[in-house]
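Down below is the structure, laid out as structure tokens.
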Amino acid sequence: MDKETLLFEKLPSGALRCNTCQRTCILNEGQWGYCKTRINKNGKIYSTIYGSISSVFPDPIEKKPVFHFKPNSRIMSFGTLGCNFRCKFCQNWDISYATGQDLRKAQEIMPEKAVEMTKKLKCEGVAWTYNEPSIWLEYTLDTAKLAKKENIYTCYVTNGFATKEHIDLIAPYLDIYRVDLKSFDKKFYRELINVVKFEGVYENTKYVKDKYPEIHIECVTNVIPSWNDSEENLKKIAEWIVKNLGKKTPWHVSRFHPDAQLLDVPETPLETLSKAKEIGEKAGLEFVYIGNAPAIEDGENTYCPNCKKLVIERSFYSTKVISLKEGKCGFCGEDLNIRV
């Protein structure tokens, strides 16, 4: 279903500039944006994926991964088609590489129906995930407004490349900003994602933290051998999180599996992930988690940074809350930055 986009402007040349994401594509009549889901048609930019659902599933919130917001709750997850990135290592490339013209891969679920499904399946939250939600602004915003009226929490699982105008629209209705901090290296973003100015991802994340402190933030770095696994790179990411988001911000370092166009790179060695966790903790982060590597014991458990006791135990998306009181350690009262 086509929907007029919320963020575009007409230029003196007559072309239109899309202000949904930081690519700010300039489109002449009939042209598509980089995401291939927005088109200049009759002097306006339209989203062609409003209500188009490629993937829908009730998930544990830990699968996003989000560990410090309503642990052990269920979240209804929706995905669409397309992306404003072209990650060569994308694990959901079949829908992220698709376009707004390829609607055969999608079913139509309007916002009202999405909220109804969320309630029917007894999920406490709704997430826009699987592909990039920022290209889906009109739909996510309408759904989020309805969700908040039903006391359903909301989550963006994002690459962080929206514009600040976009963030300002969705933020009043957003509870969780789960962002990928893929690297601190220009070459990584340029060669593996086709993004020149990666700093915008970090600027946005800090913007959310500073302007909307009520939004819960968690960060993920998919650790890819020979690309972003150097001690220097991981240290820069961890130190940036400590300085700009705070030491209690969860950082998930996840194991890479060959996929999409990056099939010649091996899985991340477990030792590398353990080292990444050590780097994060040495930088001052109190909650560093290892994802996609169940062989690493305690990789996803939450320990109190003060008394060192096990507070939340996790295994294969099974979560057991051992001692938690109003987001604090049930043993010593330490603030764990957990929303309950």
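Chain labels run A, B, ... following the order of the structure tokens; each chain numbers its residues from 1, and ligands are numbered from 1 in the order shown.
Every protein or nucleic acid residue with an atom no more than 9 Å from Val208 in chain A, counting only C-alpha atoms and leaving out same-chain residues fewer than 6 positions away, appears here: A:Lys164, A:Ile167, A:Asp168, A:Ala171, A:Tyr177, A:Ile215, A:Ile217.
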Skipping near chain neighbours, those fewer than 5 positions away, what residues fall within 10 Å of Lys320 in chain A using only C-alpha atoms, listed as a PyMOL selection string? chain A and resi 71-72+301+311-315
Keeping only C-alpha atoms, write those residues as a PDB file, in the first residue's frame.
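This is the output file part_31.pdb:
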ATOM      1  CA  PRO A  71      13.154  -9.564  31.143  1.00  0.00           C
ATOM      2  CA  ASN A  72      11.322 -12.714  30.120  1.00  0.00           C
ATOM      3  CA  ASN A 301      23.877 -14.034  32.327  1.00  0.00           C
ATOM      4  CA  VAL A 311      20.708 -11.913  39.133  1.00  0.00           C
ATOM      5  CA  ILE A 312      19.334 -13.196  35.805  1.00  0.00           C
ATOM      6  CA  GLU A 313      20.194 -16.514  34.186  1.00  0.00           C
ATOM      7  CA  ARG A 314      19.735 -16.981  30.420  1.00  0.00           C
ATOM      8  CA  SER A 315      20.109 -19.995  28.145  1.00  0.00           C
TER       9      SER A 315
END
Which neighbours of Tyr130 in chain A fall inside 12 Å, counting only C-alpha atoms, when residues of the same chain fewer than 5 positions from it are skipped, and could you give them as a list in words?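 Everything that qualifies: Ile53, Ser54, Ser55, Val56, Phe57, Asp59, Lys63, Lys64, Pro65, Met76, Ser77, Phe78, Gly79, Thr80, Leu81, Gly82, Cys83, Cys90, Gln91, Asn92, Trp93, Asp94, Ile95, Ser96, Tyr97, Tyr156, Val157, Thr158 and Asn159 of chain A.
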What would the file look like if the residues just selected were written as a PDB file, in the first residue's frame with N, CA and C atoms?
ATOM      1  N   ILE A  53       4.063  -6.709   5.310  1.00  0.00           N
ATOM      2  CA  ILE A  53       4.760  -7.492   6.328  1.00  0.00           C
ATOM      3  C   ILE A  53       5.414  -8.715   5.691  1.00  0.00           C
ATOM      4  N   SER A  54       6.723  -8.811   5.801  1.00  0.00           N
ATOM      5  CA  SER A  54       7.438  -9.982   5.285  1.00  0.00           C
ATOM      6  C   SER A  54       7.613 -11.047   6.358  1.00  0.00           C
ATOM      7  N   SER A  55       7.666 -10.602   7.615  1.00  0.00           N
ATOM      8  CA  SER A  55       7.958 -11.512   8.719  1.00  0.00           C
ATOM      9  C   SER A  55       7.192 -11.065   9.953  1.00  0.00           C
ATOM     10  N   VAL A  56       6.613 -12.015  10.662  1.00  0.00           N
ATOM     11  CA  VAL A  56       5.914 -11.693  11.906  1.00  0.00           C
ATOM     12  C   VAL A  56       6.003 -12.901  12.827  1.00  0.00           C
ATOM     13  N   PHE A  57       6.370 -12.630  14.096  1.00  0.00           N
ATOM     14  CA  PHE A  57       6.531 -13.738  15.038  1.00  0.00           C
ATOM     15  C   PHE A  57       6.553 -13.221  16.469  1.00  0.00           C
ATOM     16  N   ASP A  59       8.217 -13.226  19.809  1.00  0.00           N
ATOM     17  CA  ASP A  59       9.554 -13.595  20.279  1.00  0.00           C
ATOM     18  C   ASP A  59       9.722 -13.282  21.764  1.00  0.00           C
ATOM     19  N   LYS A  63      15.568 -12.108  22.385  1.00  0.00           N
ATOM     20  CA  LYS A  63      16.020 -12.466  21.039  1.00  0.00           C
ATOM     21  C   LYS A  63      16.399 -11.248  20.213  1.00  0.00           C
ATOM     22  N   LYS A  64      16.045 -10.034  20.652  1.00  0.00           N
ATOM     23  CA  LYS A  64      16.266  -8.848  19.828  1.00  0.00           C
ATOM     24  C   LYS A  64      17.729  -8.456  19.610  1.00  0.00           C
ATOM     25  N   PRO A  65      18.722  -8.586  20.420  1.00  0.00           N
ATOM     26  CA  PRO A  65      18.616  -8.929  21.836  1.00  0.00           C
ATOM     27  C   PRO A  65      18.439  -7.689  22.699  1.00  0.00           C
ATOM     28  N   MET A  76       5.956  -8.947  20.099  1.00  0.00           N
ATOM     29  CA  MET A  76       5.512  -9.272  18.745  1.00  0.00           C
ATOM     30  C   MET A  76       6.422  -8.563  17.752  1.00  0.00           C
ATOM     31  N   SER A  77       7.046  -9.339  16.890  1.00  0.00           N
ATOM     32  CA  SER A  77       8.064  -8.796  15.991  1.00  0.00           C
ATOM     33  C   SER A  77       7.549  -8.734  14.559  1.00  0.00           C
ATOM     34  N   PHE A  78       7.706  -7.555  13.944  1.00  0.00           N
ATOM     35  CA  PHE A  78       7.264  -7.348  12.567  1.00  0.00           C
ATOM     36  C   PHE A  78       8.431  -6.879  11.708  1.00  0.00           C
ATOM     37  N   GLY A  79       8.511  -7.409  10.497  1.00  0.00           N
ATOM     38  CA  GLY A  79       9.498  -6.951   9.532  1.00  0.00           C
ATOM     39  C   GLY A  79       8.824  -6.647   8.207  1.00  0.00           C
ATOM     40  N   THR A  80       9.462  -5.815   7.397  1.00  0.00           N
ATOM     41  CA  THR A  80       8.932  -5.494   6.078  1.00  0.00           C
ATOM     42  C   THR A  80       9.967  -5.857   5.016  1.00  0.00           C
ATOM     43  N   LEU A  81      10.045  -5.091   3.943  1.00  0.00           N
ATOM     44  CA  LEU A  81      10.988  -5.339   2.865  1.00  0.00           C
ATOM     45  C   LEU A  81      11.914  -4.148   2.709  1.00  0.00           C
ATOM     46  N   GLY A  82      13.179  -4.419   2.346  1.00  0.00           N
ATOM     47  CA  GLY A  82      14.104  -3.352   2.014  1.00  0.00           C
ATOM     48  C   GLY A  82      14.965  -2.896   3.170  1.00  0.00           C
ATOM     49  N   CYS A  83      15.906  -2.019   2.840  1.00  0.00           N
ATOM     50  CA  CYS A  83      16.824  -1.467   3.849  1.00  0.00           C
ATOM     51  C   CYS A  83      17.564  -0.291   3.241  1.00  0.00           C
ATOM     52  N   CYS A  90      24.602  -9.451   5.866  1.00  0.00           N
ATOM     53  CA  CYS A  90      23.250  -9.436   6.421  1.00  0.00           C
ATOM     54  C   CYS A  90      22.686 -10.844   6.579  1.00  0.00           C
ATOM     55  N   GLN A  91      22.173 -11.140   7.766  1.00  0.00           N
ATOM     56  CA  GLN A  91      21.596 -12.452   8.041  1.00  0.00           C
ATOM     57  C   GLN A  91      20.148 -12.550   7.569  1.00  0.00           C
ATOM     58  N   ASN A  92      19.527 -11.411   7.282  1.00  0.00           N
ATOM     59  CA  ASN A  92      18.162 -11.401   6.757  1.00  0.00           C
ATOM     60  C   ASN A  92      18.141 -10.801   5.351  1.00  0.00           C
ATOM     61  N   TRP A  93      19.168 -11.114   4.570  1.00  0.00           N
ATOM     62  CA  TRP A  93      19.348 -10.495   3.259  1.00  0.00           C
ATOM     63  C   TRP A  93      18.167 -10.750   2.313  1.00  0.00           C
ATOM     64  N   ASP A  94      17.454 -11.865   2.505  1.00  0.00           N
ATOM     65  CA  ASP A  94      16.360 -12.180   1.591  1.00  0.00           C
ATOM     66  C   ASP A  94      15.243 -11.149   1.645  1.00  0.00           C
ATOM     67  N   ILE A  95      15.045 -10.517   2.809  1.00  0.00           N
ATOM     68  CA  ILE A  95      14.047  -9.444   2.879  1.00  0.00           C
ATOM     69  C   ILE A  95      14.693  -8.060   2.834  1.00  0.00           C
ATOM     70  N   SER A  96      15.910  -7.932   3.356  1.00  0.00           N
ATOM     71  CA  SER A  96      16.571  -6.629   3.364  1.00  0.00           C
ATOM     72  C   SER A  96      17.034  -6.212   1.973  1.00  0.00           C
ATOM     73  N   TYR A  97      17.374  -7.177   1.135  1.00  0.00           N
ATOM     74  CA  TYR A  97      17.770  -6.863  -0.233  1.00  0.00           C
ATOM     75  C   TYR A  97      16.554  -6.715  -1.151  1.00  0.00           C
ATOM     76  N   TYR A 156      12.487  -0.288  18.512  1.00  0.00           N
ATOM     77  CA  TYR A 156      13.164  -0.190  17.219  1.00  0.00           C
ATOM     78  C   TYR A 156      14.433  -1.040  17.292  1.00  0.00           C
ATOM     79  N   VAL A 157      14.579  -1.998  16.384  1.00  0.00           N
ATOM     80  CA  VAL A 157      15.852  -2.721  16.237  1.00  0.00           C
ATOM     81  C   VAL A 157      16.488  -2.138  14.983  1.00  0.00           C
ATOM     82  N   THR A 158      17.444  -1.221  15.161  1.00  0.00           N
ATOM     83  CA  THR A 158      17.820  -0.307  14.095  1.00  0.00           C
ATOM     84  C   THR A 158      19.319  -0.240  13.831  1.00  0.00           C
ATOM     85  N   ASN A 159      19.656   0.177  12.611  1.00  0.00           N
ATOM     86  CA  ASN A 159      21.055   0.435  12.280  1.00  0.00           C
ATOM     87  C   ASN A 159      21.473   1.841  12.664  1.00  0.00           C
TER      88      ASN A 159
END
Please report, as a Markdown table, each residue of range 145-198 of chain A lying at most 12 Å from range 108-122 of chain A, together with the nearest pair of atoms and the separation in Å rounded to one decimal; use only C-alpha atoms, and order rows by chain and ascending residue number.
| residue | atom | partner | partner_atom | distance |
| --- | --- | --- | --- | --- |
| A:Lys145 | CA | A:Pro111 | CA | 9.3 |
| A:Leu146 | CA | A:Val115 | CA | 7.0 |
| A:Ala147 | CA | A:Val115 | CA | 6.0 |
| A:Lys148 | CA | A:Val115 | CA | 9.8 |
| A:Lys149 | CA | A:Val115 | CA | 10.0 |
| A:Glu150 | CA | A:Val115 | CA | 8.3 |
| A:Asn151 | CA | A:Lys119 | CA | 10.2 |
| A:Ile152 | CA | A:Val115 | CA | 8.4 |
| A:Tyr153 | CA | A:Thr118 | CA | 10.6 |
| A:Thr154 | CA | A:Val115 | CA | 10.9 |
Pull the helix (DSSP H, G or I) assignments for range 55-197 of chain A out of DSSP run on the backbone, and list those residues as a ChimeraX atom specification. /A:61-63,93-96,103-105,111-120,133-149,164-173,186-193
Sel. of strand (DSSP E or B) residues, range 186-279 of chain A, as a list in words: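 Listing strand (DSSP E or B) positions across range 186-279 of chain A yields His216, Ile217, Glu218, Cys219, Val220, Thr221, Asn222, Val223, Trp251, His252, Val253, Ser254, Arg255, Asp259 and Leu262 of chain A.
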